[in-house]
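First up is the structure itself, then whatever we jot down about it.
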Amino acid sequence: MIIATTMCKLLLAMLIGFYLSKKGILTQEVNAKISAMIVEITCPCIILNSISNVPRDDPQMVLKIFLAGIIMYCIFPILARIITKIMRVPAHLRGTYMCMFIFANTTFMGYPVVQALFGDSAIFYITIFNMPFNVLFFTLALYYFQKDAAIESNTLEKMKVSPRSLINNGIIASVAALVIYFTNLQLPDLFYSCVGFIGDITTPLSMIIIGASMAAASLKEIKTEKGIWPMLPIRLGLMPLIVWVFMHLFTSDATIISICTIGAGMPVASLVAMGSAPYPRQNKAASIGVVVSTLVSLVTIPVMAALLGA
């Protein structure tokens, strides 16, 4: 019942976005600007706020989960590259598809799902495991989108990536969160109240934008994006299975293993669509991937939770 209620909330937000798009309130331009706001403001706030109620009574377990997350997010890009080559994804979409495999919608969907299943402490564990997510997305993913667009426009040789371009609000928030936790830095409650207040709008707003993307994507476009269909069982089935097997190497705690596995079984991260917004062709593929995988996940997430005994 808890998981059903959570999925209904997310579905309702998507339907609102769908409706607002059909009414012309959420246009493509508005969606792009809201996406930019989520990437640059609200998502960094939720990253910072995730450290607010972190228990520090078992630092060894935390380090194990953190290490497991680092290793997994080093393995994911390698697997994604192999899979996209096997799928023969076009060069101008290869990086975008890699991002669909690597990045699950852990923050926007995973947090409320694991919180509903395992309680508030689950957010801490899934946050620690996915800390590398934030660093990798705001560096590698944004680079991949830019590279794909450059390949499409035959300007790859002219593309320049400076270290400064990799510094953004998401990276700053991710590094700050790590520093706050591992240095045991005590910040005032006012700080967490403020970033939490802004961060709380991230999940409903992102799901509304996903719903708006559903309305913008025609059935013909979904059919022509053929790579989406073989992507689904890998994103929603293979990736969480890999995490489930891998986590047994680090801990025997069934709850922690289930939390990390369910987080990895989320649909394509909405950030993938939002981060690719400046590049039309890449954003089209990413948006369809987010929409279709989110709809399918409304079935696969409850099944996965049942299999794990959650």
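By convention here, the chains of the structure tokens are called A, B, ... in the order presented, each chain's residues are numbered starting at 1, and ligands are numbered starting at 1 in the order presented.
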Query raised in the report: Among region 56-263 of chain A, which ones does DSSP place in alpha helix (DSSP H), written as a ChimeraX atom specification?
Result: /A:59-87,94-102,111-118,121-129,131-136,142-152,169-182,189-199,202-216,219-224,228-233,239-247,254-263
**Report entry** Neighbour list for Phe103 (chain A) as a list of chain:residue names, cut-off 6 Å, only C-alpha atoms, skip fewer than 3 positions in-chain
**Finding:**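 Once the nearby chain positions are removed, what remains is A:Cys99, A:Met100, A:Ala269.
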Requested in this report: Can you pull out every residue within 12 Å of Leu238 (chain A), counting only C-alpha atoms, but drop anything in the same chain fewer than 2 positions away, and send it as JSON, numbers by chain?
Outcome: {"A": [76, 79, 80, 83, 101, 102, 230, 231, 232, 233, 234, 235, 236, 240, 241, 242, 243, 244, 245, 261, 262, 264, 265, 266, 304]}
Report task. Would you work out the distance separating CA of Ile172 (chain A) from CA of Phe129 (chain A), expressed in Å to one decimal? Result ->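 Spanning CA of Ile172 (chain A) to CA of Phe129 (chain A) is a straight-line distance of 18.1 Å.
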Query raised in the report: Quick one: of A:Ser270, A:Thr96, A:Ser293, A:Asn31, who's nearest to Gln146 (chain A), counting only C-alpha atoms?
Result: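 The closest residue to Gln146 (chain A) is A:Thr96.
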Requested in this report: Extract, using only C-alpha atoms, all DNA, RNA and protein residues at most 12 Å from Val303 (chain A), discarding same-chain residues fewer than 3 positions from it, and format them as JSON, numbers by chain.
Outcome: {"A": [3, 4, 236, 237, 262, 265, 296, 297, 298, 299, 300, 306, 307, 308, 309, 310]}
**Report entry** Distance in Å - CA of Leu178 (chain A) versus CA of Ser50 (chain A)
**Finding:**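 Going from CA of Leu178 (chain A) over to CA of Ser50 (chain A) covers 10.7 Å.
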Report task. Determine, counting only C-alpha atoms, which protein, DNA and RNA residues have an atom within 6 Å of an atom of region 195-200 of chain A; residues of the same chain fewer than 2 positions away are not included. Present the result as a ChimeraX atom specification. Result -> /A:42,45-46,49,192-193,202
Query raised in the report: When distances are computed from only C-alpha atoms, which of A:Gly110, A:Glu29, A:Ile171, A:Tyr181 shows the smallest separation from Leu63 (chain A)?
Result: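 Closest residue, counting only C-alpha atoms: A:Tyr181.
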Requested in this report: Compare A:Lys22, A:Lys64, A:Arg281, A:Lys85 by their minimum atom-to-atom distance to Ile151 (chain A), counting only C-alpha atoms, and give me the closest one.
Outcome: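 Closest candidate: A:Arg281.
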**Report entry** CA of Met274 (chain A) to CA of Ala149 (chain A), straight-line distance in Å
**Finding:**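 So the two atoms, CA of Ala149 (chain A) and CA of Met274 (chain A), lie 14.9 Å apart.
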Query - Selection near Ala116 (chain A), 8 Å with only C-alpha atoms, sequence-local residues under 3 positions removed, as a VMD selection string - result: chain A and resid 2 to 3 6 112 to 113 119
